[in-house]
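Have a look at my_file.cif; it's mmCIF, C-alpha atoms:
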```cif
data_data
loop_
_atom_site.label_atom_id
_atom_site.label_comp_id
_atom_site.auth_asym_id
_atom_site.auth_seq_id
_atom_site.Cartn_x
_atom_site.Cartn_y
_atom_site.Cartn_z
CA MET M 121 261.57 127.13 -97.81
CA LYS M 122 262.97 125.85 -94.53
CA TYR M 123 265.30 128.87 -94.19
CA VAL M 124 262.38 131.24 -94.84
CA LYS M 125 260.43 129.68 -91.97
CA ASP M 126 263.45 129.79 -89.66
CA TYR M 127 264.04 133.50 -90.16
CA PHE M 128 260.44 134.67 -90.66
CA ALA M 129 259.69 135.29 -86.97
CA PRO M 130 262.95 137.19 -86.23
CA ALA M 131 262.45 139.30 -89.37
CA ILE M 132 258.93 140.25 -88.29
CA LEU M 133 260.18 141.23 -84.81
CA VAL M 134 262.94 143.40 -86.32
CA VAL M 135 260.44 145.13 -88.62
CA ILE M 136 258.06 145.78 -85.71
CA PHE M 137 260.92 147.19 -83.63
CA LEU M 138 262.03 149.51 -86.46
CA VAL M 139 258.47 150.73 -87.05
CA ILE M 140 258.00 151.51 -83.34
CA TRP M 141 261.41 153.23 -83.26
CA GLU M 142 260.47 155.32 -86.32
CA ILE M 143 257.14 156.39 -84.79
CA VAL M 144 258.62 157.25 -81.39
CA ALA M 145 261.51 159.19 -82.95
CA ARG M 146 259.12 161.25 -85.08
CA ILE M 147 256.88 161.96 -82.08
CA ILE M 148 259.82 163.12 -79.96
CA GLY M 149 261.24 165.14 -82.84
CA MET M 150 264.74 165.42 -81.36
CA ALA M 151 267.04 163.83 -83.91
CA PHE M 152 270.20 164.76 -82.01
CA ILE M 153 269.05 162.45 -79.18
CA LEU M 154 266.98 159.79 -80.96
CA PRO M 155 267.22 159.79 -84.75
CA SER M 156 264.73 157.67 -86.68
CA PRO M 157 265.88 154.60 -88.64
CA THR M 158 265.25 156.43 -91.92
CA GLN M 159 267.45 159.31 -90.78
CA VAL M 160 270.20 156.87 -89.86
CA VAL M 161 269.97 155.18 -93.28
CA VAL M 162 270.11 158.56 -95.03
CA LYS M 163 273.14 159.57 -92.95
CA LEU M 164 274.79 156.23 -93.70
CA TRP M 165 274.31 156.86 -97.40
CA ASP M 166 275.62 160.42 -97.17
CA LEU M 167 278.74 159.27 -95.31
CA LYS M 168 279.28 156.08 -97.31
CA GLU M 169 282.61 157.14 -98.80
CA ILE M 170 284.30 158.25 -95.58
CA LEU M 171 282.86 155.35 -93.58
CA PHE M 172 283.55 152.54 -96.06
CA LEU M 173 286.85 153.80 -97.45
CA ALA M 174 288.50 155.26 -94.35
CA HIS M 175 286.97 154.16 -91.05
CA LEU M 176 285.65 150.65 -91.82
CA PRO M 177 289.05 149.34 -93.01
CA ALA M 178 290.69 150.74 -89.85
CA THR M 179 288.18 148.91 -87.64
CA LEU M 180 288.45 145.68 -89.64
CA SER M 181 292.24 145.71 -89.29
CA VAL M 182 291.85 145.92 -85.51
CA ILE M 183 289.25 143.13 -85.40
CA VAL M 184 291.13 140.74 -87.70
CA THR M 185 294.50 141.32 -86.00
CA GLY M 186 293.03 140.92 -82.52
CA LEU M 187 291.14 137.75 -83.48
CA LEU M 188 294.14 136.13 -85.15
CA LEU M 189 296.32 136.83 -82.11
CA SER M 190 293.61 135.50 -79.80
CA ILE M 191 293.30 132.28 -81.82
CA VAL M 192 297.05 131.66 -81.94
CA LEU M 193 297.74 132.55 -78.29
CA GLY M 194 294.48 131.13 -76.94
CA VAL M 195 294.76 127.75 -78.66
CA GLY M 196 298.45 127.58 -77.80
CA LEU M 197 297.78 128.22 -74.11
CA ALA M 198 294.88 125.73 -74.08
CA VAL M 199 297.10 123.00 -75.55
CA TRP M 200 299.86 123.82 -73.06
CA MET M 201 297.47 123.66 -70.10
CA ASN M 202 296.10 120.37 -71.44
CA VAL M 203 299.50 118.69 -71.52
CA SER M 204 300.92 120.31 -68.39
CA LYS M 205 299.23 120.36 -64.98
CA THR M 206 301.76 122.95 -63.83
CA ALA M 207 300.76 125.30 -66.65
CA GLU M 208 297.07 124.75 -65.87
CA LYS M 209 297.53 125.57 -62.17
CA ALA M 210 299.63 128.62 -63.04
CA PHE M 211 297.60 130.19 -65.85
CA TYR M 212 293.98 129.11 -65.34
CA PRO M 213 293.36 131.24 -62.22
CA ILE M 214 295.01 134.23 -63.92
CA LEU M 215 292.85 133.64 -66.98
CA ILE M 216 289.68 133.67 -64.87
CA SER M 217 290.69 136.71 -62.82
CA SER M 218 291.51 138.66 -65.98
CA GLN M 219 287.80 138.75 -66.77
CA THR M 220 287.04 140.62 -63.55
CA ILE M 221 289.00 143.66 -64.74
CA PRO M 222 286.83 146.29 -66.48
CA ILE M 223 288.07 146.47 -70.07
CA ILE M 224 287.02 150.08 -70.43
CA ALA M 225 289.32 150.97 -67.53
CA LEU M 226 292.33 149.33 -69.21
CA ALA M 227 291.80 150.93 -72.62
CA PRO M 228 293.28 154.33 -71.60
CA ILE M 229 296.31 152.51 -70.17
CA PHE M 230 296.88 150.79 -73.51
CA VAL M 231 296.69 154.20 -75.18
CA LEU M 232 299.44 155.43 -72.82
CA TRP M 233 301.59 152.40 -73.66
CA PHE M 234 301.03 152.17 -77.42
CA GLY M 235 299.72 155.63 -78.32
CA TYR M 236 297.05 156.12 -80.99
CA THR M 237 298.43 153.24 -83.02
CA LEU M 238 296.78 150.02 -84.16
CA TRP M 239 298.19 148.09 -81.20
CA SER M 240 296.34 150.00 -78.47
CA LYS M 241 293.04 148.88 -80.02
CA VAL M 242 294.35 145.38 -80.75
CA ALA M 243 295.34 145.01 -77.08
CA VAL M 244 291.73 145.73 -76.00
CA THR M 245 290.35 143.33 -78.61
CA LEU M 246 292.85 140.64 -77.66
CA LEU M 247 292.03 140.92 -73.97
CA ILE M 248 288.29 140.66 -74.55
CA THR M 249 288.43 137.75 -77.06
CA PHE M 250 291.26 135.69 -75.57
CA PHE M 251 289.19 134.20 -72.73
CA PRO M 252 286.34 132.45 -74.62
CA ILE M 253 288.71 130.92 -77.17
CA THR M 254 291.15 129.63 -74.56
CA VAL M 255 288.61 128.26 -72.08
CA ASN M 256 286.40 126.60 -74.69
CA THR M 257 289.35 125.00 -76.45
CA PHE M 258 290.78 123.77 -73.16
CA ASP M 259 287.43 122.28 -72.13
CA GLY M 260 287.15 120.65 -75.55
CA LEU M 261 290.56 119.01 -75.24
CA ARG M 262 289.56 117.66 -71.84
CA SER M 263 286.20 116.38 -73.11
CA SER M 264 287.62 113.54 -75.20
CA SER M 265 286.46 110.05 -74.24
CA LYS M 266 288.69 108.33 -71.70
CA GLU M 267 287.52 104.92 -72.94
CA ILE M 268 288.61 105.67 -76.50
CA ARG M 269 291.89 107.11 -75.21
CA GLU M 270 292.60 103.92 -73.28
CA LEU M 271 291.66 101.84 -76.32
CA LEU M 272 294.07 103.78 -78.53
CA MET M 273 296.84 103.38 -75.94
CA THR M 274 296.32 99.61 -75.82
CA MET M 275 296.56 99.56 -79.61
CA GLY M 276 299.97 101.23 -79.39
CA ALA M 277 298.99 104.79 -80.35
CA SER M 278 301.51 107.48 -79.40
CA LYS M 279 300.62 110.66 -77.51
CA ARG M 280 300.90 112.60 -80.76
CA GLU M 281 298.45 110.29 -82.51
CA ILE M 282 296.03 110.44 -79.59
CA PHE M 283 296.21 114.23 -79.61
CA PHE M 284 295.52 114.69 -83.34
CA LYS M 285 293.09 111.80 -83.84
CA LEU M 286 291.09 112.05 -80.62
CA GLN M 287 291.58 115.27 -78.69
CA VAL M 288 291.65 117.71 -81.61
CA PRO M 289 288.37 116.41 -83.17
CA SER M 290 286.78 116.51 -79.69
CA ALA M 291 287.96 120.09 -79.15
CA LEU M 292 286.92 121.56 -82.52
CA PRO M 293 283.19 122.01 -81.70
CA HIS M 294 284.15 123.71 -78.43
CA PHE M 295 286.69 125.88 -80.25
CA TYR M 296 284.04 127.09 -82.69
CA SER M 297 281.67 127.84 -79.81
CA GLY M 298 284.34 130.04 -78.26
CA LEU M 299 285.12 131.64 -81.62
CA LYS M 300 281.46 132.55 -82.15
CA VAL M 301 281.52 134.44 -78.87
CA ALA M 302 284.91 135.96 -79.64
CA VAL M 303 283.96 137.40 -83.05
CA THR M 304 281.06 139.34 -81.57
CA LEU M 305 283.18 140.52 -78.64
CA SER M 306 285.94 141.58 -81.04
CA VAL M 307 283.62 144.21 -82.52
CA ILE M 308 282.93 145.53 -79.02
CA GLY M 309 286.63 145.54 -78.16
CA ALA M 310 287.57 147.41 -81.33
CA ALA M 311 284.82 149.98 -80.76
CA ILE M 312 285.88 150.55 -77.13
CA GLY M 313 289.51 150.97 -78.14
CA GLU M 314 288.62 153.43 -80.90
CA TRP M 315 286.16 155.30 -78.71
CA LEU M 316 288.79 156.05 -76.07
CA GLY M 317 291.79 156.70 -78.27
CA ALA M 318 292.11 156.57 -82.04
CA GLN M 319 292.56 158.65 -85.15
CA ALA M 320 290.37 156.49 -87.39
CA GLY M 321 287.75 153.77 -87.10
CA LEU M 322 284.00 153.44 -86.70
CA GLY M 323 284.15 153.88 -82.92
CA TYR M 324 286.25 157.01 -83.31
CA PHE M 325 283.86 158.42 -85.91
CA SER M 326 280.84 157.74 -83.69
CA ARG M 327 282.48 159.61 -80.80
CA ARG M 328 283.35 162.51 -83.12
CA MET M 329 279.73 162.76 -84.26
CA MET M 330 278.60 162.77 -80.64
CA THR M 331 280.64 165.91 -79.94
CA GLN M 332 278.78 167.54 -82.84
CA PHE M 333 275.36 166.46 -81.47
CA ASP M 334 274.69 164.53 -84.66
CA GLY M 335 272.47 161.66 -83.50
CA ALA M 336 272.18 160.01 -86.91
CA GLY M 337 275.96 160.33 -87.34
CA VAL M 338 276.46 158.51 -84.03
CA PHE M 339 274.14 155.66 -85.01
CA ALA M 340 275.42 155.20 -88.58
CA PRO M 341 278.81 153.65 -87.65
CA ILE M 342 277.10 151.63 -84.92
CA VAL M 343 274.90 150.04 -87.60
CA LEU M 344 278.02 149.18 -89.58
CA LEU M 345 279.64 147.66 -86.48
CA SER M 346 276.58 145.48 -85.94
CA LEU M 347 276.66 144.32 -89.56
CA VAL M 348 280.36 143.47 -89.24
CA GLY M 349 279.63 141.38 -86.14
CA ILE M 350 276.78 139.54 -87.87
CA ILE M 351 278.87 138.82 -90.98
CA LEU M 352 281.79 137.53 -88.93
CA PHE M 353 279.45 135.29 -86.91
CA LEU M 354 277.95 133.85 -90.11
CA LEU M 355 281.44 133.25 -91.53
CA VAL M 356 282.36 131.24 -88.43
CA ILE M 357 279.19 129.18 -88.80
CA LEU M 358 280.02 128.53 -92.46
CA LEU M 359 283.59 127.53 -91.57
CA GLU M 360 282.25 125.25 -88.84
CA LYS M 361 279.91 123.48 -91.26
CA ILE M 362 282.70 123.00 -93.79
CA THR M 363 285.29 121.65 -91.35
CA LEU M 364 282.91 119.59 -89.19
CA LYS M 365 280.97 117.71 -91.84
CA TRP M 366 281.73 114.50 -89.96
CA ARG M 367 279.36 115.56 -87.15
CA LYS M 368 276.36 115.21 -89.48
CA THR M 369 277.21 111.59 -90.17
CA GLN M 370 277.30 110.60 -86.52
#
```
Before anything else, please render the file you have as structure tokens.
Amino acid sequence: MKYVKDYFAPAILVVIFLVIWEIVARIIGMAFILPSPTQVVVKLWDLKEILFLAHLPATLSVIVTGLLLSIVLGVGLAVWMNVSKTAEKAFYPILISSQTIPIIALAPIFVLWFGYTLWSKVAVTLLITFFPITVNTFDGLRSSSKEIRELLMTMGASKREIFFKLQVPSALPHFYSGLKVAVTLSVIGAAIGEWLGAQAGLGYFSRRMMTQFDGAGVFAPIVLLSLVGIILFLLVILLEKITLKWRKTQ
């Protein structure tokens, strides 16, 4: 019953939005510009085989590969900056300045470097998801209690024990916060990469439908992309609840 109450208001707002969208689309009567939600659903059903069997797996491979690389490289860099002031001074400013570069401007460059392969899209996804994971993990490692750290040191704890028993538990909530942002951005990164240069994928298919002035065909893969982002976000929340059960007992 609690979950019904929590999601009742958002569900009502979504329904109201879809009803207004349906009415406006029917009044305008220009499906190639603004298709109605029912037209998008019908198109999604008509294209279910090509979207689910060909283009969705291509997009998921980009998202999963980019996220895994971001987690490995981001967490690794955060740990390195935490243990080394030199690494922090060298990489942190570069990390911040990398977010001032328009991703959409770099995507064509990645296509020149890697061609229409998986890695041109992964490079865009990696660049857009690397920042939140690295910064949040680094802040989490630095957020551990100094008093507890000093207590552990007086009790003879080694640096390794302090890292795994104090800093890692302190950093996990921050890591998951960064990962929640990253999973949603990974969908955007994959779509941008496929939009600008790909031979398969939901972003590529949406762009192809745009050249055919098929409004419902443009929206159908976008709906799938949104669902992928929502599912990934919920999976991260589930993983967070499983691995951070100790937070509920505090």
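If you measure from each of M:Phe152, M:Phe284, M:Trp141, M:Tyr296 to Leu355 in chain M using all atoms listed in the file, the closest one turns out to be M:Tyr296.
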As JSON, what would the box around range 263-274 of chain M look like: edges along x, y and z, 4 Å added on every side, centre and edge lengths in Å to one decimal?
```
{"center_x": 291.5, "center_y": 108.0, "center_z": -75.1, "size_x": 18.6, "size_y": 24.8, "size_z": 14.8}
```
Quick one: apply the PyMOL selection byres ((chain M and resi 229) around 12) to the file and drop the selected residues here as a ChimeraX atom specification. /M:222-228,230-236,240-241,243-244,313,316-317
Neighbours of Ile183 in chain M within 7 Å (only C-alpha atoms; same-chain residues fewer than 5 positions away dropped), as an MDAnalysis selection string? chainID M and resid 245 306:307 310
Atomic distance CA of Gly260 in chain M - CA of His294 in chain M, expressed in Å with one decimal: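 So the answer is 5.2 Å.
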Considering only C-alpha atoms, can you say which of M:Val195, M:Glu314, M:Ile221, M:Gly321 comes closest to Ala291 in chain M? M:Val195
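Counting only C-alpha atoms, the residue from M:Thr249, M:Thr185, M:Ser278, M:Ser290 that sits nearest to Thr304 in chain M is M:Thr249.
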